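This is final-v9.txt. It holds compact mmCIF, C-alpha atoms.
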```txt
# COMPACT_ATOMS: atom_id res chain seq x y z
CA MET A 1 -19.68 9.69 22.56
CA ALA A 2 -17.96 12.20 20.22
CA SER A 3 -19.75 12.86 16.95
CA LEU A 4 -18.78 14.53 13.68
CA LEU A 5 -21.21 15.64 10.99
CA VAL A 6 -20.09 16.53 7.47
CA ARG A 7 -22.91 18.27 5.60
CA ASN A 8 -23.59 19.85 2.21
CA ILE A 9 -21.29 17.30 0.56
CA HIS A 10 -21.40 17.85 -3.20
CA LEU A 11 -20.49 14.18 -3.86
CA LEU A 12 -20.17 11.46 -1.21
CA ALA A 13 -18.31 8.65 -2.99
CA GLN A 14 -17.97 4.93 -2.34
CA VAL A 15 -21.15 4.60 -0.24
CA HIS A 16 -22.28 1.09 0.68
CA ALA A 17 -24.91 -0.21 3.07
CA SER A 18 -22.35 -2.65 4.52
CA ALA A 19 -18.70 -3.60 4.03
CA PRO A 20 -18.33 -4.34 0.30
CA ALA A 21 -16.69 -7.35 -1.27
CA LEU A 22 -13.81 -7.05 -3.71
CA VAL A 23 -14.62 -5.12 -6.87
CA ARG A 24 -13.59 -6.84 -10.09
CA GLY A 25 -13.80 -6.53 -13.85
CA ARG A 26 -16.55 -4.34 -15.27
CA ALA A 27 -17.88 -3.54 -11.81
CA MET A 28 -14.72 -1.51 -11.16
CA ALA A 29 -16.04 1.22 -13.44
CA HIS A 30 -18.85 2.01 -10.97
CA ILE A 31 -18.61 3.86 -7.65
CA PRO A 32 -21.89 4.26 -5.77
CA SER A 33 -22.24 7.91 -4.74
CA LEU A 34 -24.70 10.40 -3.28
CA GLU A 35 -25.03 14.03 -4.33
CA ASN A 36 -25.91 16.79 -1.87
CA ALA A 37 -25.29 14.50 1.07
CA TRP A 38 -24.36 14.33 4.75
CA LEU A 39 -22.15 11.91 6.70
CA LEU A 40 -22.34 11.27 10.45
CA CYS A 41 -19.56 9.69 12.51
CA GLU A 42 -19.78 8.58 16.13
CA ASN A 43 -17.07 7.22 18.41
CA GLY A 44 -14.53 6.99 15.57
CA ARG A 45 -16.81 5.02 13.25
CA ILE A 46 -19.07 5.87 10.36
CA HIS A 47 -22.62 5.91 11.73
CA SER A 48 -24.87 6.89 8.82
CA PHE A 49 -25.26 9.02 5.71
CA GLY A 50 -28.01 10.32 3.47
CA ALA A 51 -29.45 13.12 1.36
CA MET A 52 -29.37 16.65 2.81
CA ASP A 53 -33.14 16.79 3.24
CA THR A 54 -32.69 14.15 5.98
CA CYS A 55 -29.60 15.73 7.59
CA PRO A 56 -29.29 15.55 11.40
CA GLU A 57 -29.27 18.92 13.10
CA ARG A 58 -26.68 18.38 15.79
CA ALA A 59 -23.22 16.92 16.36
CA ASP A 60 -20.21 17.75 18.52
CA THR A 61 -18.32 18.94 15.44
CA ILE A 62 -19.81 20.06 12.12
CA LEU A 63 -17.90 20.42 8.85
CA ASP A 64 -19.34 22.14 5.79
CA ALA A 65 -18.32 20.47 2.52
CA THR A 66 -20.13 22.73 0.06
CA GLY A 67 -18.73 22.18 -3.43
CA ARG A 68 -16.48 19.35 -2.25
CA MET A 69 -16.26 15.57 -2.49
CA VAL A 70 -15.79 13.11 0.36
CA LEU A 71 -13.96 9.84 -0.31
CA PRO A 72 -12.76 7.01 1.95
CA GLY A 73 -9.09 7.16 2.89
CA TRP A 74 -6.70 5.48 0.50
CA CYS A 75 -5.72 1.92 1.45
CA ASP A 76 -2.03 1.63 0.57
CA SER A 77 -1.17 -2.06 0.68
CA HIS A 78 2.54 -1.93 -0.28
CA THR A 79 5.10 0.42 1.30
CA HIS A 80 8.64 0.46 2.71
CA ILE A 81 8.48 3.62 4.83
CA VAL A 82 10.97 2.45 7.47
CA PHE A 83 14.32 3.39 5.94
CA ALA A 84 17.43 5.27 6.97
CA ALA A 85 18.12 7.69 4.12
CA PRO A 86 17.15 8.66 0.57
CA ARG A 87 19.04 7.26 -2.43
CA ASP A 88 19.07 10.36 -4.60
CA GLU A 89 22.65 9.65 -5.75
CA GLU A 90 21.31 6.51 -7.48
CA PHE A 91 18.58 8.65 -9.03
CA VAL A 92 21.36 10.65 -10.67
CA ASP A 93 23.16 7.43 -11.70
CA ARG A 94 20.02 6.30 -13.54
CA ILE A 95 19.80 9.66 -15.30
CA ARG A 96 23.36 8.99 -16.46
CA GLY A 97 22.29 5.67 -17.94
CA LEU A 98 22.76 2.95 -15.30
CA SER A 99 19.90 0.48 -14.88
CA TYR A 100 18.33 -0.53 -11.57
CA GLU A 101 19.99 -3.96 -11.90
CA GLU A 102 23.43 -2.44 -12.66
CA ILE A 103 23.20 -0.20 -9.61
CA ALA A 104 22.27 -3.23 -7.49
CA GLU A 105 25.20 -5.25 -8.86
CA ARG A 106 27.57 -2.45 -7.75
CA GLY A 107 26.31 -2.72 -4.17
CA GLY A 108 23.69 -0.01 -4.53
CA GLY A 109 19.94 -0.36 -4.34
CA ILE A 110 18.57 -2.44 -1.48
CA LEU A 111 22.08 -3.24 -0.21
CA ASN A 112 22.81 0.49 0.03
CA SER A 113 19.68 0.99 2.13
CA ALA A 114 20.63 -1.99 4.28
CA ARG A 115 24.08 -0.63 5.11
CA ARG A 116 22.60 2.69 6.19
CA LEU A 117 19.80 1.13 8.19
CA GLN A 118 22.11 -1.24 10.04
CA ALA A 119 24.07 1.79 11.28
CA MET A 120 20.97 3.71 12.42
CA SER A 121 19.41 3.44 15.87
CA GLU A 122 15.90 2.13 16.39
CA GLU A 123 14.88 5.47 17.90
CA ALA A 124 16.11 7.43 14.88
CA LEU A 125 14.40 5.01 12.50
CA PHE A 126 11.15 5.33 14.42
CA THR A 127 11.24 9.13 14.38
CA ALA A 128 11.90 9.24 10.63
CA ALA A 129 9.23 6.64 9.82
CA LEU A 130 6.67 8.38 12.02
CA GLY A 131 7.22 11.54 10.02
CA ARG A 132 6.54 9.63 6.79
CA LEU A 133 3.44 8.03 8.30
CA GLU A 134 2.11 11.46 9.22
CA GLU A 135 2.95 12.69 5.72
CA VAL A 136 0.90 10.01 3.96
CA ILE A 137 -2.04 10.40 6.34
CA GLY A 138 -2.04 14.05 5.31
CA PHE A 139 -2.16 12.86 1.68
CA GLY A 140 -5.38 10.96 2.44
CA THR A 141 -4.15 7.47 3.39
CA GLY A 142 -6.46 5.74 5.85
CA ALA A 143 -4.74 2.32 6.12
CA ILE A 144 -1.24 1.14 5.27
CA GLU A 145 1.04 -1.89 5.04
CA ILE A 146 4.74 -1.50 5.93
CA LYS A 147 7.53 -3.97 5.08
CA SER A 148 10.90 -4.75 6.58
CA GLY A 149 13.65 -5.79 4.15
CA TYR A 150 16.33 -3.13 4.59
CA GLY A 151 17.88 -4.97 7.53
CA LEU A 152 19.15 -8.16 5.86
CA SER A 153 20.52 -9.43 9.18
CA VAL A 154 18.76 -10.97 12.14
CA GLU A 155 19.35 -7.94 14.35
CA SER A 156 18.39 -5.32 11.79
CA GLU A 157 15.32 -7.09 10.41
CA LEU A 158 14.00 -7.39 13.96
CA LYS A 159 14.88 -3.73 14.54
CA MET A 160 12.78 -2.72 11.55
CA LEU A 161 9.83 -4.82 12.61
CA ARG A 162 9.99 -3.45 16.14
CA VAL A 163 9.84 0.04 14.66
CA ILE A 164 6.72 -0.99 12.73
CA ARG A 165 5.24 -2.38 15.96
CA ARG A 166 5.89 0.98 17.64
CA LEU A 167 4.23 2.75 14.72
CA LYS A 168 1.19 0.49 15.11
CA ALA A 169 0.96 1.48 18.77
CA VAL A 170 0.74 5.22 18.04
CA SER A 171 -0.86 5.25 14.60
CA PRO A 172 -4.41 6.54 14.22
CA ILE A 173 -4.84 4.40 11.08
CA PRO A 174 -4.55 0.60 10.75
CA ILE A 175 -1.08 -0.75 9.93
CA LYS A 176 -0.18 -4.23 8.69
CA ALA A 177 3.43 -5.45 9.06
CA THR A 178 5.27 -7.61 6.53
CA PHE A 179 8.54 -9.50 7.07
CA LEU A 180 10.74 -9.14 3.96
CA GLY A 181 14.05 -10.66 5.08
CA ALA A 182 14.44 -12.06 1.55
CA HIS A 183 14.54 -8.65 -0.13
CA ALA A 184 18.06 -9.13 -1.50
CA VAL A 185 21.09 -11.33 -0.83
CA PRO A 186 23.59 -9.48 1.41
CA GLN A 187 27.09 -8.91 0.03
CA ALA A 188 28.61 -11.24 2.64
CA TYR A 189 26.48 -14.12 1.31
CA LYS A 190 26.96 -13.54 -2.43
CA GLN A 191 29.04 -16.71 -2.70
CA ASP A 192 26.75 -18.72 -0.43
CA ARG A 193 23.17 -17.56 -0.93
CA GLU A 194 21.91 -20.87 0.50
CA ALA A 195 23.40 -19.90 3.86
CA TYR A 196 21.44 -16.66 3.84
CA ILE A 197 18.21 -18.45 2.93
CA ARG A 198 18.79 -20.76 5.89
CA LEU A 199 19.36 -17.70 8.08
CA VAL A 200 15.98 -16.30 7.00
CA ILE A 201 14.19 -19.60 7.55
CA GLU A 202 15.95 -20.93 10.64
CA GLU A 203 16.78 -17.77 12.60
CA MET A 204 14.81 -14.76 11.41
CA LEU A 205 11.38 -16.33 11.00
CA PRO A 206 11.31 -18.05 14.41
CA GLN A 207 12.21 -14.80 16.19
CA VAL A 208 9.74 -12.74 14.14
CA ALA A 209 7.01 -15.20 15.04
CA ALA A 210 8.04 -15.45 18.70
CA GLU A 211 7.66 -11.69 19.12
CA GLY A 212 4.52 -11.47 16.96
CA LEU A 213 6.17 -8.85 14.77
CA ALA A 214 4.59 -9.54 11.37
CA ASP A 215 1.31 -10.34 9.68
CA TYR A 216 2.78 -11.42 6.34
CA CYS A 217 5.92 -12.92 4.78
CA ASP A 218 7.30 -11.41 1.57
CA VAL A 219 10.04 -12.43 -0.90
CA PHE A 220 11.48 -10.46 -3.83
CA CYS A 221 10.99 -13.12 -6.51
CA ASP A 222 12.63 -11.62 -9.57
CA LYS A 223 15.60 -11.64 -11.91
CA GLY A 224 18.80 -11.15 -9.92
CA PHE A 225 17.09 -11.69 -6.57
CA TYR A 226 15.22 -14.87 -5.51
CA THR A 227 14.15 -17.76 -7.75
CA PRO A 228 10.66 -19.26 -7.64
CA GLU A 229 12.07 -22.33 -5.90
CA GLU A 230 13.81 -20.27 -3.23
CA THR A 231 10.71 -18.15 -2.85
CA ASP A 232 8.55 -21.22 -2.32
CA ARG A 233 10.82 -22.52 0.45
CA ILE A 234 10.71 -19.23 2.31
CA LEU A 235 6.94 -18.82 1.91
CA GLU A 236 6.39 -22.39 3.10
CA ALA A 237 8.47 -21.68 6.19
CA GLY A 238 6.56 -18.46 6.82
CA LEU A 239 3.24 -20.27 6.63
CA LYS A 240 4.41 -22.67 9.34
CA TYR A 241 4.72 -19.63 11.60
CA GLY A 242 1.32 -18.27 10.61
CA LEU A 243 2.66 -15.60 8.23
CA LYS A 244 0.60 -15.44 5.04
CA PRO A 245 2.45 -14.80 1.76
CA LYS A 246 2.30 -11.37 0.11
CA ILE A 247 5.13 -11.11 -2.40
CA HIS A 248 7.09 -8.99 -4.89
CA ALA A 249 6.85 -10.54 -8.35
CA ASN A 250 7.78 -9.74 -11.97
CA GLU A 251 9.10 -6.21 -11.53
CA LEU A 252 12.17 -6.78 -13.68
CA ASP A 253 11.26 -9.77 -15.88
CA TYR A 254 8.91 -12.71 -16.34
CA SER A 255 10.32 -14.33 -13.21
CA GLY A 256 7.73 -16.98 -12.32
CA GLY A 257 6.96 -14.97 -9.20
CA VAL A 258 3.25 -14.67 -9.93
CA GLN A 259 2.88 -18.44 -10.21
CA ALA A 260 5.05 -18.99 -7.11
CA GLY A 261 2.89 -16.67 -5.06
CA ILE A 262 -0.36 -18.22 -6.30
CA ALA A 263 0.92 -21.72 -5.57
CA ARG A 264 1.34 -20.74 -1.90
CA GLY A 265 -1.98 -18.92 -1.69
CA ALA A 266 -0.50 -15.43 -1.51
CA ILE A 267 -2.87 -12.65 -0.46
CA SER A 268 -1.37 -10.58 -3.27
CA VAL A 269 1.41 -10.56 -5.83
CA ASP A 270 2.78 -7.05 -6.22
CA HIS A 271 4.55 -5.13 -9.01
CA LEU A 272 3.66 -7.17 -12.14
CA GLU A 273 5.33 -4.79 -14.55
CA TYR A 274 5.94 -7.97 -16.55
CA CYS A 275 2.59 -9.71 -16.63
CA GLY A 276 1.32 -11.51 -19.73
CA PRO A 277 -1.45 -13.94 -20.68
CA GLU A 278 0.05 -16.81 -18.64
CA GLU A 279 0.22 -14.75 -15.46
CA ILE A 280 -3.28 -13.37 -15.97
CA ALA A 281 -4.67 -16.86 -16.57
CA ALA A 282 -3.01 -18.08 -13.38
CA LEU A 283 -4.52 -15.16 -11.43
CA GLN A 284 -7.97 -15.97 -12.84
CA ASN A 285 -7.74 -19.41 -11.26
CA SER A 286 -6.77 -18.10 -7.82
CA GLN A 287 -7.82 -15.88 -4.94
CA THR A 288 -4.55 -13.92 -5.17
CA LEU A 289 -4.88 -10.18 -5.79
CA PRO A 290 -2.84 -8.50 -8.56
CA THR A 291 -1.29 -5.29 -7.19
CA LEU A 292 0.28 -2.70 -9.47
CA LEU A 293 2.67 0.05 -8.35
CA PRO A 294 2.61 2.68 -11.11
CA SER A 295 4.79 5.27 -9.36
CA CYS A 296 7.63 2.69 -9.33
CA ALA A 297 7.32 2.26 -13.11
CA PHE A 298 7.16 6.05 -13.47
CA PHE A 299 10.29 6.65 -11.36
CA LEU A 300 12.41 3.84 -12.83
CA GLY A 301 11.24 4.26 -16.41
CA ILE A 302 10.22 0.61 -16.70
CA PRO A 303 7.02 -0.79 -18.27
CA TYR A 304 3.73 -0.12 -16.54
CA GLY A 305 1.77 -3.16 -15.43
CA PRO A 306 -1.16 -4.19 -17.68
CA ALA A 307 -3.98 -2.69 -15.61
CA ARG A 308 -6.43 -2.67 -18.52
CA ASP A 309 -5.80 -6.36 -19.30
CA ILE A 310 -6.17 -7.29 -15.63
CA ILE A 311 -9.53 -5.55 -15.30
CA ASP A 312 -10.75 -6.90 -18.64
CA ALA A 313 -9.92 -10.41 -17.37
CA ASP A 314 -12.52 -9.87 -14.60
CA LEU A 315 -9.84 -9.59 -11.92
CA PRO A 316 -9.85 -7.28 -8.86
CA LEU A 317 -7.02 -4.82 -9.53
CA VAL A 318 -5.21 -3.24 -6.56
CA LEU A 319 -3.08 -0.07 -6.67
CA ALA A 320 -0.45 0.87 -4.07
CA SER A 321 2.36 3.40 -3.73
CA ASP A 322 5.48 1.26 -3.09
CA TYR A 323 6.79 4.24 -1.06
CA ASN A 324 10.53 3.53 -0.67
CA PRO A 325 13.84 5.38 -1.08
CA GLY A 326 15.04 3.64 -4.23
CA SER A 327 12.25 3.12 -6.73
CA SER A 328 9.24 5.11 -5.52
CA PRO A 329 10.09 7.95 -3.12
CA SER A 330 6.48 9.11 -2.84
CA GLY A 331 3.50 8.02 -0.77
CA ARG A 332 0.97 10.30 -2.45
CA MET A 333 -1.77 7.87 -3.44
CA SER A 334 -3.68 10.48 -5.43
CA PHE A 335 -0.69 10.56 -7.81
CA VAL A 336 -0.78 6.76 -8.03
CA VAL A 337 -4.44 7.01 -9.06
CA ALA A 338 -3.60 9.70 -11.62
CA LEU A 339 -0.75 7.63 -13.12
CA ALA A 340 -3.04 4.62 -13.42
CA CYS A 341 -5.47 6.72 -15.43
CA ILE A 342 -2.92 8.62 -17.52
CA ARG A 343 -0.40 5.85 -18.28
CA MET A 344 -2.34 2.61 -17.69
CA LYS A 345 -5.52 3.88 -19.38
CA ILE A 346 -8.00 2.90 -16.72
CA LEU A 347 -11.00 4.98 -15.71
CA PRO A 348 -10.94 7.21 -12.62
CA GLU A 349 -13.60 5.01 -11.01
CA GLU A 350 -11.54 1.88 -11.68
CA ALA A 351 -8.44 3.46 -10.17
CA ILE A 352 -10.31 4.68 -7.09
CA ASN A 353 -11.84 1.25 -6.49
CA ALA A 354 -8.35 -0.27 -6.81
CA ALA A 355 -6.93 2.17 -4.24
CA THR A 356 -9.77 1.94 -1.70
CA ILE A 357 -11.93 -1.20 -1.45
CA ASN A 358 -9.47 -3.54 -3.18
CA GLY A 359 -6.49 -2.05 -1.35
CA ALA A 360 -8.28 -2.71 1.94
CA HIS A 361 -8.87 -6.34 0.96
CA ALA A 362 -5.18 -6.70 0.02
CA MET A 363 -4.48 -6.03 3.72
CA GLU A 364 -7.43 -8.13 4.93
CA LEU A 365 -9.05 -4.93 6.19
CA GLY A 366 -12.10 -4.92 3.93
CA ASP A 367 -14.42 -4.98 6.93
CA GLN A 368 -12.76 -1.90 8.46
CA CYS A 369 -11.59 0.44 5.70
CA GLY A 370 -11.95 1.40 2.05
CA SER A 371 -15.58 2.49 1.84
CA ILE A 372 -18.16 4.80 3.36
CA SER A 373 -20.21 2.18 5.18
CA PRO A 374 -21.84 2.09 8.64
CA GLY A 375 -19.43 0.61 11.18
CA MET A 376 -16.30 1.33 9.14
CA ALA A 377 -13.42 3.31 10.60
CA ALA A 378 -14.20 7.00 10.04
CA ASN A 379 -11.05 7.57 7.97
CA PHE A 380 -11.87 9.72 4.95
CA PHE A 381 -10.96 12.98 3.29
CA VAL A 382 -12.80 16.09 2.20
CA SER A 383 -11.47 17.25 -1.16
CA ARG A 384 -10.73 20.77 -2.18
CA PRO A 385 -13.56 22.15 -4.37
CA MET A 386 -14.31 19.54 -7.05
CA LYS A 387 -17.44 18.56 -8.94
CA GLN A 388 -16.73 14.99 -10.09
CA LEU A 389 -14.38 12.06 -9.55
CA SER A 390 -12.55 12.58 -12.84
CA GLU A 391 -11.11 15.83 -11.48
CA LEU A 392 -9.08 13.93 -8.90
CA PRO A 393 -6.66 12.35 -11.43
CA TYR A 394 -7.05 15.24 -13.88
CA TRP A 395 -5.43 17.74 -11.48
CA PHE A 396 -2.52 15.31 -10.99
CA GLY A 397 -0.08 17.92 -9.68
CA SER A 398 -2.35 19.25 -6.96
CA ASP A 399 -3.10 17.78 -3.57
CA PRO A 400 -6.83 16.95 -3.60
CA VAL A 401 -7.05 16.68 0.21
CA GLU A 402 -8.39 19.76 1.97
CA GLN A 403 -9.18 18.02 5.27
CA MET A 404 -8.36 14.52 6.47
CA VAL A 405 -10.63 12.89 9.03
CA VAL A 406 -9.18 10.03 11.08
CA GLN A 407 -11.17 8.09 13.67
CA GLY A 408 -13.99 10.59 13.26
CA ALA A 409 -11.92 13.69 14.05
CA VAL A 410 -10.26 16.27 11.85
CA TRP A 411 -6.61 15.25 11.65
CA SER A 412 -3.60 17.49 11.78
CA ARG A 413 0.03 16.48 11.52
CA ASN A 414 1.86 15.56 14.74
CA LYS A 415 -1.27 14.23 16.39
CA THR A 416 0.43 10.82 16.35
CA SER A 417 3.51 12.11 18.18
```

Could you spell out this file's structure in structure tokens?
Amino acid sequence: MASLLVRNIHLLAQVHASAPALVRGRAMAHIPSLENAWLLCENGRIHSFGAMDTCPERADTILDATGRMVLPGWCDSHTHIVFAAPRDEEFVDRIRGLSYEEIAERGGGILNSARRLQAMSEEALFTAALGRLEEVIGFGTGAIEIKSGYGLSVESELKMLRVIRRLKAVSPIPIKATFLGAHAVPQAYKQDREAYIRLVIEEMLPQVAAEGLADYCDVFCDKGFYTPEETDRILEAGLKYGLKPKIHANELDYSGGVQAGIARGAISVDHLEYCGPEEIAALQNSQTLPTLLPSCAFFLGIPYGPARDIIDADLPLVLASDYNPGSSPSGRMSFVVALACIRMKILPEEAINAATINGAHAMELGDQCGSISPGMAANFFVSRPMKQLSELPYWFGSDPVEQMVVQGAVWSRNKTS
């Protein structure tokens, strides 16, 4: 049984005796930690930890973390890392003054990504997505959710989900798959959107379920995309196939998406750039997790979600990267944490809780990832020299990860290949 011992840890953060529950409200400002600590992993799992005066003497591999922090791997619960090409030309269009909605109306945005993905082979998509997966693991991510949604046809949505299935098979970190056939309305269906909704419900969903390709069903419920009523129909159909809802809501306007997701028992409602007292009150009366994506707001220049209001309402905030080619071309979760502190005015501890324990629960992985607890997957990172948690968002332009440990072994890129 292979063992790894990390010793002389300046600060071992997010330590719990057992898998923790969601962290909400005022409790988000606290992260249980040990100073001058050790951490032992065996057979890919966290075995034990403690103060250095009780440190074990032997292990197959020993790491010295003098002057460094150890944190659980980030749990990134919202990404779109299977895509064909960047959309940097649209980035320039926005600099010139076009809005996200105007670009979409001209056939750009999601429809642009769909055209490119439909023309790309499954093998090429897999190779590109695997590279992005390795990239984010190197940034400290220890669990991830990946969506389809750039196919927008039966064949291409299934192609995307099969790529995600292949990633699951080779990935050293847990992956959850989400079917997002209702990401946009394809150009060919602009005059008959009902026909496309039927295609999603009557053809895509049955095949996704028959092949066991997804864990969740997502809909982009927002201005210019899908209405709450359309969203509800698609989520209801997904539930019949065992796919739990986990939806995009209120990125572009007060769309009713939060309430639509809650009504169907969504695991999470994600984006929430437009989220006021009504949405927060609805979330307080539900089990649905509010997930904010600050790097999307940063990149598009749109309002940041009300993280402070969500926490002050005693809710369990989640943070995720939204890594995608159009609105958040970055999977660096440490930058997401920094943005949440700098622009959303939440404490470093609150942001870290949102990106670890709560992110794990947003993927129903709270018993496997997100904390330093016995029995958890040994997916964590050793920081570069740092004294306290506030340094992590403070040095926002630097990569805090000196070494990533995955399944109890020091990780290096291309190990998944």

I'd like the box whose edges run along x, y and z of the file and which contains every listed atom of segment 193-201 of chain A, padded by 5 Å per side; could you state its centre and edge lengths in Å, one decimal, as lines of an AutoDock Vina configuration file?
```
center_x = 18.8
center_y = -18.6
center_z = 3.6
size_x = 19.2
size_y = 14.6
size_z = 19.0
```

Anything within 10 Å of (8.1, -16.9, -14.4): list those residues as a PyMOL selection string, counting all atoms listed in the file and sticking to the file's coordinates.
chain A and resi 221-223+227-228+249-250+253-260+274-275+278-279

Which is closest to Ile372 of chain A among A:Val163, A:His47, A:Phe396, A:Asp322, if we use only C-alpha atoms?
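Of all the options, A:His47 lies closest to Ile372 of chain A.
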
Restricting to all atoms listed in the file, whichever of A:Gly97, A:Pro393, A:Gly370, A:Gly25 is closest to Pro72 of chain A is A:Gly370

Which residues, written as a PyMOL selection string, have at least one atom at most 12 Å from Val382 of chain A, with all atoms listed in the file counted and residues fewer than 6 positions away on the same chain left out?
chain A and resi 6-13+38-39+63-73+138-140+392+399-406+410-411

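Distances to Ser371 of chain A were evaluated for A:Ile46, A:Leu98, A:Ala51, A:Ala29 using all atoms listed in the file, and the minimum falls at A:Ile46.
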
Residues within 10 Å of Phe126 of chain A, please, as an mmCIF file with C-alpha atoms, keeping the file's coordinate frame. Count all atoms listed in the file; anything in the same chain fewer than 2 positions from it doesn't count.
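Listed below is the output, result.cif:
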```cif
data_model
loop_
_atom_site.group_PDB
_atom_site.id
_atom_site.type_symbol
_atom_site.label_atom_id
_atom_site.label_comp_id
_atom_site.auth_asym_id
_atom_site.auth_seq_id
_atom_site.Cartn_x
_atom_site.Cartn_y
_atom_site.Cartn_z
ATOM 1 C CA VAL A 82 10.970 2.450 7.470
ATOM 2 C CA PHE A 83 14.320 3.390 5.940
ATOM 3 C CA ALA A 84 17.430 5.270 6.970
ATOM 4 C CA SER A 121 19.410 3.440 15.870
ATOM 5 C CA GLU A 122 15.900 2.130 16.390
ATOM 6 C CA GLU A 123 14.880 5.470 17.900
ATOM 7 C CA ALA A 124 16.110 7.430 14.880
ATOM 8 C CA ALA A 128 11.900 9.240 10.630
ATOM 9 C CA ALA A 129 9.230 6.640 9.820
ATOM 10 C CA LEU A 130 6.670 8.380 12.020
ATOM 11 C CA GLY A 131 7.220 11.540 10.020
ATOM 12 C CA ARG A 132 6.540 9.630 6.790
ATOM 13 C CA LYS A 159 14.880 -3.730 14.540
ATOM 14 C CA MET A 160 12.780 -2.720 11.550
ATOM 15 C CA ARG A 162 9.990 -3.450 16.140
ATOM 16 C CA VAL A 163 9.840 0.040 14.660
ATOM 17 C CA ILE A 164 6.720 -0.990 12.730
ATOM 18 C CA ARG A 165 5.240 -2.380 15.960
ATOM 19 C CA ARG A 166 5.890 0.980 17.640
ATOM 20 C CA LEU A 167 4.230 2.750 14.720
#
```
